[in-house]
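Peer 1: Below you'll find the structure I mean.
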Amino acid sequence: MAVRLTQLQVVSPDDYAARGVAQRLRAIVLPAERGSIFDRNGSELAMSVRRHTVWADPRLVTDPEGAADALAPVLGVDHEVLVRRLGGSGAFVYLSRQVDADVAETVSSLGLDGVSLLDESHRFTPAGSLAASVLGTVDIDNQGTAGLELVYEDRLVGVPGELILERGPGGRTIAAGEHRLSPAERGDDLVLTIDRSLQYEVERALGDQILATGAAGGSAIVMDPRTGEILALANLRADAAGGPPRPSRDNMAVTTLFEPGSVSKVVVAAAALEEGLYTPEQTWEVPPAVQVSVKRFSDEHPRSGPSSFTDVITRSSNVGTIQIGQALGPERVDAYLRRFGFGQSTGLGFPGESNGILLDLDEWTGPSIGSISIGQGIAVNALQMLGAFNAIANDGVLVTPTLVRSTLDADGTEHLADRSPRRRVISAASAEQMRAILTNVVASTEGTGQRAQIAGYSVAGKTGTARKPSRTHRGYEEGAYVATFAGFVPAEDPQLSAIVVLDEPSPYYASLTSAPVFGGISRYALRLLRIPPSATPIVEPPVVVDPDTIVVPRD
């Protein structure tokens, strides 16, 4: 006994004293409040609010059956589940997380031994499902699982705090015992480039057209082509029951690929101008059809007599564009598609973004120069396609897209996001020529984009109606099309660009489905952003009538 007493009191008293203290001390993690997400004007899109969580210390529960009887109807949790939790081992167990205030008040009034309330942070979106595919989601523990919530998890999550309490054998806090608090540090806030008002209008207009045309879904993006800032990004899916389209949790505008069709003819046209092979006024004979290796390509509305380079793009002639592609050759067509950003990441850094599909030159076959020149046999996402139009709008300079303008730290100091990288893809002169041609696509009576016209503004753009590849066999799905319109406004000084992609609309022509949506959302954005009308007189848009009674090239 003497030896043991000497060991305890003389040799290692500090060690045993520390063990005793450790048995009495309990560390409680204090979750950090997650940073908020704001639109470009300071309106909250996602924020954290305090919610009560019901928990229990089974060691202090004197009557598990009775407590379960009282709690089951209040929490909506199965009685037997509660009995197991309340009668289990350990010092902490969740009973129901993040309950409503009235439920928490009822639980508190029951005064049950061992049952307590804990404050937790709950993610709340004031605008409901607005921009859902952009914002993303968090799990029950407030950890980002998708979208910007996941991408900026390290910035939003903050630093947890810690509360250390000294408790007696019965689990009660010792009033005069040790008590240490390390406060949690709130996460940084994100300020997006998105405009909440414009986002709402884009989702509304897109949803109305999906419903009106019976489309399976669609995406729309509005950007500032000069800075790469995304002002609105919407993804909607049709409701199987025939109700209003539902917001997609998947950011289809960057994750879903489609063959662009004629909308990508702008790249081949820009390449031909840049290489000096054609001028906008140059004319040549465009036959009704052309044979490329084993495949024959034709125009839906062939035109007799010579056509100019501008006419070919205005009327969206497949044959004329293939001739331009043949003059360029496979190497230059491939090089310019890649130069404009196809087959590679946009640089947005969004989870699940697809790079698209662009065959290597050694995989091209005999008909490839024909099909690829008119946007078949390649695949892009909507953001990549709009990026090509942004380069033309921005004097030939491709700008990396961005969704985040800045972050705000705990002190309220704003830190601007890194400036978007940019690179030149064509000369300013070639870009200016392309802007004039794309303006003609919308303004001309032979153009495919007439329904994108906006009173008082010059609009530049291009339609594309492409068949959907089959998921079950080689070739395309019968009667399944993707309709696209992309463009910018004002054409002479582009400050706004947009793309609208509809999946399987009826009618399937982009000129009748996607182009009007572009006109509607751009009209709203021009007013919202106070972009002045074009300096030159602009014709009034044509009256929209039954498409069967008006002659419009339906590309």
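Identifiers for the structure tokens are assigned positionally: chains receive A, B, ... in sequence, residues are indexed from 1 per chain, and ligands are indexed from 1 in the order shown.
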Mind checking which residues fall within 6 Å of stretch 460-462 of chain A, counting only C-alpha atoms, ignoring those fewer than 5 positions away in the same chain, and posting them as a VMD selection string?
Peer 2: chain A and resid 263 438 to 439 485 to 488 491
Peer 1: Output N, CA and C atoms for every residue in the selection just made, as a PDB file, in the first residue's frame.
Peer 2:
ATOM      1  N   VAL A 263     -26.247  26.075 -85.709  1.00  0.00           N
ATOM      2  CA  VAL A 263     -25.787  27.187 -84.885  1.00  0.00           C
ATOM      3  C   VAL A 263     -24.258  27.241 -84.845  1.00  0.00           C
ATOM      4  N   LEU A 438     -24.316  37.942 -89.005  1.00  0.00           N
ATOM      5  CA  LEU A 438     -25.289  37.416 -88.040  1.00  0.00           C
ATOM      6  C   LEU A 438     -26.433  38.406 -87.811  1.00  0.00           C
ATOM      7  N   THR A 439     -26.172  39.674 -87.987  1.00  0.00           N
ATOM      8  CA  THR A 439     -27.252  40.660 -87.933  1.00  0.00           C
ATOM      9  C   THR A 439     -28.215  40.444 -89.088  1.00  0.00           C
ATOM     10  N   PHE A 485     -31.035  28.646 -80.339  1.00  0.00           N
ATOM     11  CA  PHE A 485     -30.757  29.982 -80.876  1.00  0.00           C
ATOM     12  C   PHE A 485     -29.750  30.645 -79.960  1.00  0.00           C
ATOM     13  N   ALA A 486     -28.689  31.208 -80.562  1.00  0.00           N
ATOM     14  CA  ALA A 486     -27.676  31.938 -79.817  1.00  0.00           C
ATOM     15  C   ALA A 486     -27.418  33.262 -80.512  1.00  0.00           C
ATOM     16  N   GLY A 487     -27.156  34.305 -79.731  1.00  0.00           N
ATOM     17  CA  GLY A 487     -26.893  35.608 -80.337  1.00  0.00           C
ATOM     18  C   GLY A 487     -26.515  36.654 -79.323  1.00  0.00           C
ATOM     19  N   PHE A 488     -26.446  37.915 -79.791  1.00  0.00           N
ATOM     20  CA  PHE A 488     -26.076  39.018 -78.904  1.00  0.00           C
ATOM     21  C   PHE A 488     -26.730  40.307 -79.387  1.00  0.00           C
ATOM     22  N   ALA A 491     -26.103  44.563 -81.821  1.00  0.00           N
ATOM     23  CA  ALA A 491     -25.137  43.904 -82.691  1.00  0.00           C
ATOM     24  C   ALA A 491     -23.889  44.749 -82.920  1.00  0.00           C
TER      25      ALA A 491
END
Peer 1: Find the residues near A:Arg155: any atom within 10 Å, counting only C-alpha atoms, skip ones fewer than 3 places away on the same chain, and give them as a list in words.
Peer 2: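 The residues satisfying every condition are Arg34, Gly35, Glu149, Leu150, Val151, Tyr152, Gly158, Val159, Arg186, Gly187, Asp188, Asp189, Leu190, Thr407, Leu408 and Asp409 of chain A.
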Peer 1: Leaving out A:Gly447 and any residue of its chain fewer than 3 positions from it, which residues lie within 9 Å of it when counting only C-alpha atoms, given as a list in words?
Peer 2: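 Non-adjacent residues within range: Asp311, Ile313, Thr314, Arg315, Ser316, Asn440, Val441, Val442, Ala443, Ser444, Gln450, Lys462, Val552 and Pro553 of chain A.
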Peer 1: May I ask which of the residues A:Gly217, A:Gly88, A:Pro401, A:Gly456 is the closest one to A:Glu504, counting only C-alpha atoms?
Peer 2: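 Among the listed residues, the smallest separation from A:Glu504 belongs to A:Gly217.
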Peer 1: To test your reading of the structure, identify every residue in stretch 449-508 of chain A that backbone DSSP assigns to strand (DSSP E), and report it as a short mmCIF file (atom, residue, chain, number, x, y, z; two decimals) with N, CA, C and O atoms, in the first residue's frame.
Peer 2:
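As a result, selection03.cif now contains:
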data_model
loop_
_atom_site.label_atom_id
_atom_site.label_comp_id
_atom_site.auth_asym_id
_atom_site.auth_seq_id
_atom_site.Cartn_x
_atom_site.Cartn_y
_atom_site.Cartn_z
N ALA A 460 -28.00 40.19 -83.46
CA ALA A 460 -27.20 39.24 -84.23
C ALA A 460 -27.38 37.86 -83.63
O ALA A 460 -27.38 37.71 -82.41
N GLY A 461 -27.55 36.86 -84.48
CA GLY A 461 -27.73 35.52 -83.94
C GLY A 461 -27.81 34.46 -85.00
O GLY A 461 -27.73 34.73 -86.20
N LYS A 462 -27.99 33.22 -84.56
CA LYS A 462 -28.04 32.08 -85.48
C LYS A 462 -28.89 30.97 -84.88
O LYS A 462 -28.84 30.73 -83.67
N THR A 463 -29.66 30.32 -85.74
CA THR A 463 -30.47 29.19 -85.33
C THR A 463 -29.73 27.88 -85.57
O THR A 463 -28.77 27.82 -86.34
N GLY A 464 -30.21 26.83 -84.90
CA GLY A 464 -29.69 25.50 -85.14
C GLY A 464 -30.72 24.46 -84.74
O GLY A 464 -31.22 24.48 -83.61
N THR A 465 -31.08 23.61 -85.68
CA THR A 465 -32.02 22.52 -85.40
C THR A 465 -31.31 21.22 -85.74
O THR A 465 -31.03 20.95 -86.91
N ALA A 466 -31.00 20.44 -84.72
CA ALA A 466 -30.18 19.24 -84.92
C ALA A 466 -30.90 17.99 -84.41
O ALA A 466 -31.59 18.03 -83.39
N ARG A 467 -30.73 16.90 -85.13
CA ARG A 467 -31.31 15.63 -84.70
C ARG A 467 -30.57 15.09 -83.48
O ARG A 467 -29.38 15.34 -83.30
N LYS A 468 -31.28 14.32 -82.67
CA LYS A 468 -30.70 13.74 -81.46
C LYS A 468 -30.19 12.33 -81.74
O LYS A 468 -30.92 11.49 -82.28
N PRO A 469 -28.94 12.06 -81.39
CA PRO A 469 -28.42 10.70 -81.57
C PRO A 469 -29.22 9.70 -80.73
O PRO A 469 -29.68 10.02 -79.63
N TYR A 476 -29.79 8.29 -85.59
CA TYR A 476 -30.54 9.29 -84.84
C TYR A 476 -31.93 8.79 -84.46
O TYR A 476 -32.48 7.88 -85.09
N GLU A 477 -32.49 9.41 -83.40
CA GLU A 477 -33.85 9.11 -82.98
C GLU A 477 -34.82 9.71 -83.99
O GLU A 477 -34.68 10.87 -84.38
N GLU A 478 -35.80 8.95 -84.37
CA GLU A 478 -36.78 9.42 -85.32
C GLU A 478 -37.62 10.54 -84.71
O GLU A 478 -38.23 10.39 -83.65
N GLY A 479 -37.64 11.70 -85.37
CA GLY A 479 -38.48 12.81 -84.93
C GLY A 479 -38.00 13.55 -83.70
O GLY A 479 -38.73 14.39 -83.16
N ALA A 480 -36.78 13.27 -83.23
CA ALA A 480 -36.27 13.92 -82.01
C ALA A 480 -35.22 14.96 -82.39
O ALA A 480 -34.21 14.62 -83.04
N TYR A 481 -35.44 16.21 -81.99
CA TYR A 481 -34.55 17.31 -82.36
C TYR A 481 -34.24 18.19 -81.15
O TYR A 481 -35.01 18.25 -80.19
N VAL A 482 -33.10 18.88 -81.23
CA VAL A 482 -32.74 19.93 -80.28
C VAL A 482 -32.73 21.24 -81.03
O VAL A 482 -32.07 21.37 -82.07
N ALA A 483 -33.48 22.22 -80.53
CA ALA A 483 -33.59 23.52 -81.19
C ALA A 483 -32.82 24.57 -80.41
O ALA A 483 -33.04 24.74 -79.20
N THR A 484 -31.92 25.29 -81.10
CA THR A 484 -31.03 26.24 -80.43
C THR A 484 -31.05 27.59 -81.13
O THR A 484 -31.06 27.66 -82.36
N PHE A 485 -31.03 28.65 -80.34
CA PHE A 485 -30.76 29.98 -80.88
C PHE A 485 -29.75 30.64 -79.96
O PHE A 485 -29.90 30.65 -78.73
N ALA A 486 -28.69 31.21 -80.56
CA ALA A 486 -27.68 31.94 -79.82
C ALA A 486 -27.42 33.26 -80.51
O ALA A 486 -27.46 33.35 -81.74
N GLY A 487 -27.16 34.31 -79.73
CA GLY A 487 -26.89 35.61 -80.34
C GLY A 487 -26.52 36.65 -79.32
O GLY A 487 -26.29 36.35 -78.13
N PHE A 488 -26.45 37.92 -79.79
CA PHE A 488 -26.08 39.02 -78.90
C PHE A 488 -26.73 40.31 -79.39
O PHE A 488 -27.19 40.40 -80.53
N VAL A 489 -26.74 41.30 -78.48
CA VAL A 489 -27.42 42.56 -78.76
C VAL A 489 -26.81 43.65 -77.86
O VAL A 489 -26.39 43.36 -76.74
N LEU A 496 -24.80 42.17 -74.35
CA LEU A 496 -25.63 41.11 -73.81
C LEU A 496 -25.62 39.96 -74.81
O LEU A 496 -25.78 40.17 -76.02
N SER A 497 -25.42 38.73 -74.33
CA SER A 497 -25.50 37.56 -75.19
C SER A 497 -26.37 36.52 -74.50
O SER A 497 -26.51 36.52 -73.28
N ALA A 498 -26.95 35.63 -75.30
CA ALA A 498 -27.83 34.62 -74.72
C ALA A 498 -27.93 33.42 -75.64
O ALA A 498 -27.71 33.52 -76.86
N ILE A 499 -28.25 32.29 -75.05
CA ILE A 499 -28.51 31.07 -75.81
C ILE A 499 -29.73 30.39 -75.20
O ILE A 499 -29.91 30.40 -73.97
N VAL A 500 -30.57 29.83 -76.06
CA VAL A 500 -31.75 29.08 -75.63
C VAL A 500 -31.70 27.72 -76.32
O VAL A 500 -31.60 27.65 -77.54
N VAL A 501 -31.75 26.65 -75.54
CA VAL A 501 -31.71 25.29 -76.06
C VAL A 501 -32.95 24.56 -75.59
O VAL A 501 -33.20 24.46 -74.38
N LEU A 502 -33.76 24.07 -76.52
CA LEU A 502 -34.97 23.32 -76.20
C LEU A 502 -34.82 21.88 -76.66
O LEU A 502 -34.40 21.62 -77.79
N ASP A 503 -35.16 20.96 -75.78
CA ASP A 503 -35.03 19.54 -76.05
C ASP A 503 -36.36 18.97 -76.54
O ASP A 503 -37.34 18.92 -75.79
#
Peer 1: Find the residues near stretch 58-66 of chain A: any atom within 8 Å, counting only C-alpha atoms, skip ones fewer than 2 places away on the same chain, and give them as a PyMOL selection string.
Peer 2: chain A and resi 56+68-70+82-83+85-93+112-115+170-171
Peer 1: Measure the distance from atom CA of A:Ile392 to atom CA of A:Val312 in Å and round it to one decimal.
Peer 2: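 Between atom CA of A:Ile392 and atom CA of A:Val312 the gap works out to 18.1 Å.
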Peer 1: What is the distance, in Å and to one decimal place, between atom CA of A:Arg249 and atom CA of A:Ile37?
Peer 2: 17.1 Å
Peer 1: Running DSSP on the backbone, which parts of stretch 424-466 of chain A land in alpha helix (DSSP H), as a list in words?
Peer 2: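 Here are the alpha helix (DSSP H) residues of stretch 424-466 of chain A: Ala428, Ala429, Ser430, Ala431, Glu432, Gln433, Met434, Arg435, Ala436, Ile437, Leu438, Thr439, Asn440, Val441, Val442 and Ala443 of chain A.
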Peer 1: Could you list, as a PyMOL selection string, every residue within 10 Å of A:Glu331, counting only C-alpha atoms and ignoring same-chain residues fewer than 4 positions away?
Peer 2: chain A and resi 335-336+361+369
Peer 1: Create the file for the chosen residues now, containing N, CA, C and O atoms and written as a tab-separated table (two decimals), in the first residue's frame.
Peer 2:
chain	number	residue	atom	x	y	z
A	335	ALA	N	-8.95	22.82	-86.24
A	335	ALA	CA	-8.17	23.79	-85.46
A	335	ALA	C	-9.06	24.93	-84.96
A	335	ALA	O	-8.95	25.36	-83.81
A	336	TYR	N	-9.95	25.43	-85.81
A	336	TYR	CA	-10.79	26.56	-85.40
A	336	TYR	C	-11.89	26.13	-84.42
A	336	TYR	O	-12.25	26.89	-83.52
A	361	LEU	N	-8.42	14.16	-85.64
A	361	LEU	CA	-8.37	14.13	-87.11
A	361	LEU	C	-8.21	12.73	-87.67
A	361	LEU	O	-8.77	12.40	-88.73
A	369	ILE	N	-15.94	15.89	-93.17
A	369	ILE	CA	-15.80	17.31	-93.49
A	369	ILE	C	-17.17	17.93	-93.79
A	369	ILE	O	-17.40	19.11	-93.50
Peer 1: For A:Asn381, which residue among A:Leu328, A:Ala253, A:Leu512, A:Val319 is the nearest when counting only C-alpha atoms?
Peer 2: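 Among the listed residues, the smallest separation from A:Asn381 belongs to A:Ala253.
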Peer 1: Using only C-alpha atoms, which of A:Leu71, A:Ala515, A:Leu45, A:Leu30 sits nearest A:Gly111?
Peer 2: A:Leu71
Peer 1: One number please: atom CA of A:Val99 to atom CA of A:Leu75, in Å, one decimal.
Peer 2: 8.0 Å
Peer 1: Nearest to A:Tyr457: which of A:Ala220, A:Ala535, A:Val138, A:Val425 is it, counting only C-alpha atoms?
Peer 2: A:Ala535
Peer 1: Which one of A:Ile378, A:Asn355, A:Gly412, A:Leu211 sits closest to A:Pro505 if you count only C-alpha atoms?
Peer 2: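 Using only C-alpha atoms, A:Pro505 sits closest to A:Leu211.
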Peer 1: Name the residues in contact with A:Ser373 at a cut-off of 7 Å, using only C-alpha atoms, excluding same-chain residues fewer than 5 positions from it; report them as a PyMOL selection string.
Peer 2: chain A and resi 265+268+321-322+325
